[in-house]
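**Student:** The structure file structure_11.tsv (TSV, C-alpha atoms) is provided below.
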```tsv
chain	number	residue	atom	x	y	z
A	240	MET	CA	110.38	130.66	143.30
A	241	THR	CA	110.68	128.85	140.02
A	242	GLY	CA	107.72	127.06	138.52
A	243	CYS	CA	104.54	126.74	140.55
A	244	TYR	CA	105.74	124.43	143.28
A	245	PRO	CA	104.64	124.99	146.86
A	246	LEU	CA	107.24	126.05	149.40
A	247	MET	CA	107.62	123.02	151.66
A	248	LEU	CA	109.23	123.34	155.05
A	249	ILE	CA	109.59	121.10	158.08
A	250	GLU	CA	106.89	122.07	160.51
A	251	ASP	CA	108.13	123.72	163.72
A	252	ALA	CA	111.67	124.12	162.34
A	253	PRO	CA	113.13	127.60	161.87
A	254	GLY	CA	112.47	129.07	158.43
A	255	THR	CA	115.22	131.68	158.49
A	256	CYS	CA	118.94	131.72	159.21
A	257	ALA	CA	119.66	132.61	162.83
A	258	GLN	CA	122.69	134.64	161.77
A	259	CYS	CA	121.73	136.56	158.63
A	260	SER	CA	117.93	136.03	158.43
A	261	ALA	CA	118.11	134.49	154.94
A	262	ALA	CA	115.21	132.20	154.11
A	263	LEU	CA	115.81	128.48	154.59
A	264	CYS	CA	114.39	125.93	152.19
A	265	LEU	CA	113.46	122.38	153.11
A	266	ARG	CA	116.88	121.05	152.14
A	267	LYS	CA	118.71	123.64	154.24
A	268	GLN	CA	116.53	122.64	157.18
A	269	VAL	CA	117.47	118.98	156.58
A	270	ILE	CA	121.17	119.90	156.41
A	271	ASN	CA	120.89	121.67	159.75
A	272	LEU	CA	119.07	118.75	161.35
A	273	ALA	CA	121.72	116.35	160.03
A	274	LEU	CA	124.35	118.58	161.66
A	275	GLY	CA	122.45	118.48	164.97
A	276	ASN	CA	120.95	121.96	164.72
A	277	SER	CA	117.28	121.99	165.68
A	278	GLU	CA	116.67	125.09	167.78
A	279	THR	CA	118.60	127.49	165.54
A	280	MET	CA	119.46	126.91	161.92
A	281	SER	CA	121.76	128.60	159.45
A	282	CYS	CA	121.94	129.08	155.70
A	283	LEU	CA	124.73	127.42	153.72
A	284	GLU	CA	126.75	130.64	153.62
A	285	CYS	CA	126.73	130.99	157.40
A	286	LEU	CA	127.31	127.26	157.97
A	287	GLY	CA	130.30	127.49	155.67
A	288	LYS	CA	131.73	130.41	157.64
A	289	GLU	CA	131.24	128.52	160.92
A	290	MET	CA	132.94	125.40	159.56
A	291	GLY	CA	135.69	127.15	157.63
A	292	GLN	CA	134.42	125.68	154.37
A	293	SER	CA	132.68	126.91	151.25
A	294	PRO	CA	128.88	126.60	151.23
A	295	VAL	CA	129.17	124.01	148.45
A	296	ALA	CA	131.66	121.97	150.52
A	297	VAL	CA	129.18	121.91	153.42
A	298	LEU	CA	126.41	120.83	151.05
A	299	ASP	CA	128.54	118.08	149.50
A	300	ARG	CA	129.74	116.85	152.89
A	301	VAL	CA	126.26	116.53	154.37
A	302	LYS	CA	124.48	115.15	151.27
A	303	GLY	CA	126.12	111.74	151.61
A	304	TYR	CA	125.01	111.45	155.21
A	305	VAL	CA	121.48	112.62	154.40
A	306	ASP	CA	121.26	110.05	151.62
A	307	SER	CA	122.26	107.26	154.01
A	308	ARG	CA	119.60	108.07	156.61
A	309	ASP	CA	115.95	107.44	155.72
A	310	CYS	CA	114.69	109.97	158.26
A	311	PHE	CA	116.54	112.76	156.43
A	312	LYS	CA	116.27	111.37	152.92
A	313	LYS	CA	112.47	111.23	152.93
A	314	GLN	CA	112.39	115.01	153.44
A	315	TRP	CA	115.29	115.69	151.04
A	316	ILE	CA	113.63	113.95	148.09
A	317	ARG	CA	110.44	116.00	148.42
A	318	TYR	CA	112.22	118.51	146.14
A	319	GLU	CA	112.14	116.35	143.02
A	320	THR	CA	114.21	118.44	140.59
A	321	LYS	CA	116.18	121.68	140.63
A	322	ASP	CA	113.00	123.37	139.38
A	323	TRP	CA	111.81	123.04	142.99
A	324	CYS	CA	114.65	125.21	144.33
A	325	PRO	CA	112.94	128.29	145.77
A	326	GLU	CA	116.03	130.51	145.32
A	327	PRO	CA	118.09	129.22	142.38
A	328	ASN	CA	119.89	132.53	141.89
A	329	ARG	CA	121.00	132.72	145.54
A	330	CYS	CA	121.77	129.07	146.13
A	331	PHE	CA	123.50	126.07	144.55
A	332	PRO	CA	120.84	124.00	142.73
A	333	GLY	CA	123.38	122.40	140.38
A	334	GLU	CA	125.29	120.92	143.31
A	335	CYS	CA	122.23	120.27	145.42
A	336	PHE	CA	120.46	118.16	142.79
A	337	LYS	CA	123.40	116.21	141.33
```
Is it possible to express this structure as structure tokens?
**Tutor:**
Amino acid sequence: MTGCYPLMLIEDAPGTCAQCSAALCLRKQVINLALGNSETMSCLECLGKEMGQSPVAVLDRVKGYVDSRDCFKKQWIRYETKDWCPEPNRCFPGECFK
């Protein structure tokens, strides 16, 4: 994790990908909830494979919806800058925080 920011997650939501066991951050949990996934959640890589899209395309597609819904947006903005990304080398902080 970069900096000294606490790892924030949505309580009672899965913290790992159901398919590959990769760790999920708060924003990946929000993406899954926006897609209707609450019992099992997937990382961006696995979501991309399921949807036939790149992980960045999934992220870009869902970000607009998340931004338009207060219930999702209030969780999304808890990560204030890309310094809050817990796995910047394994994820897409440039796209996630633009």
**Student:** Please return, as a ChimeraX atom specification, all polymer residues that have at least one atom within 12 Å of the point (110.8, 131.0, 159.1); use only C-alpha atoms and the file's own coordinate frame.
**Tutor:** /A:246-257,260-265,267-268,279-282
**Student:** Distance CA of Ile270 (chain A)-CA of Leu298 (chain A), one decimal place?
**Tutor:**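 These two atoms are separated by 7.6 Å.
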**Student:** Measure the distance from CA of Gly275 (chain A) to CA of Asn328 (chain A) in Å and round it to one decimal.
**Tutor:**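 Atom-to-atom, CA of Gly275 (chain A) to CA of Asn328 (chain A), that is 27.1 Å.
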**Student:** Leaving out Asp306 (chain A) and any residue of its chain fewer than 5 positions from it, which residues lie within 10 Å of it when counting all atoms listed in the file, given as a PyMOL selection string?
**Tutor:** chain A and resi 301+311-313+315-316
**Student:** Go through A:Cys330, A:Val305, A:Cys324, A:Cys259 one by one, measure the shortest atom-to-atom distance of each to Lys288 (chain A) using all atoms listed in the file, and give the residue with the smallest value.
**Tutor:**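 Of A:Cys330, A:Val305, A:Cys324, A:Cys259, the one nearest Lys288 (chain A) is A:Cys259, counting all atoms listed in the file.
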**Student:** Rounded to one decimal, what separation in Å do you get between CA of Glu289 (chain A) and CA of Arg317 (chain A)?
**Tutor:**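 Between CA of Glu289 (chain A) and CA of Arg317 (chain A) the gap works out to 27.3 Å.
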**Student:** Show which residues sit within 9 Å of Phe331 (chain A), as an MDAnalysis selection string. Count all atoms listed in the file, and ignore same-chain residues fewer than 4 positions away.
**Tutor:** chainID A and resid 294:295 298 324 326:327 335:336
**Student:** Taking all atoms of region 291-307 of chain A that appear in the file, build a box with edges along x, y and z, extend it by 8 Å on every side, and state its centre and edge lengths in Å to one decimal, as AutoDock Vina command-line options.
**Tutor:**
```
--center_x 128.5 --center_y 117.2 --center_z 153.0 --size_x 30.4 --size_y 35.9 --size_z 25.2
```
**Student:** Identify which of the residues A:Asn276, A:Asn271, A:Lys337, A:Gln258 lies closest to Glu319 (chain A), counting only C-alpha atoms when measuring atom-to-atom distances.
**Tutor:** A:Lys337
**Student:** Between A:Thr320, A:Leu283, A:Arg266, A:Arg308, which residue has the minimum interatomic distance to Ala296 (chain A), considering only C-alpha atoms?
**Tutor:**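 The answer is A:Leu283, which sits nearest to Ala296 (chain A).
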**Student:** Give the answer as one residue: which of A:Gln314, A:Cys285, A:Asp299, A:Arg329 has the shortest atom-to-atom distance to Leu272 (chain A), using only C-alpha atoms?
**Tutor:**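 Distance minimum relative to Leu272 (chain A) lands on A:Gln314.
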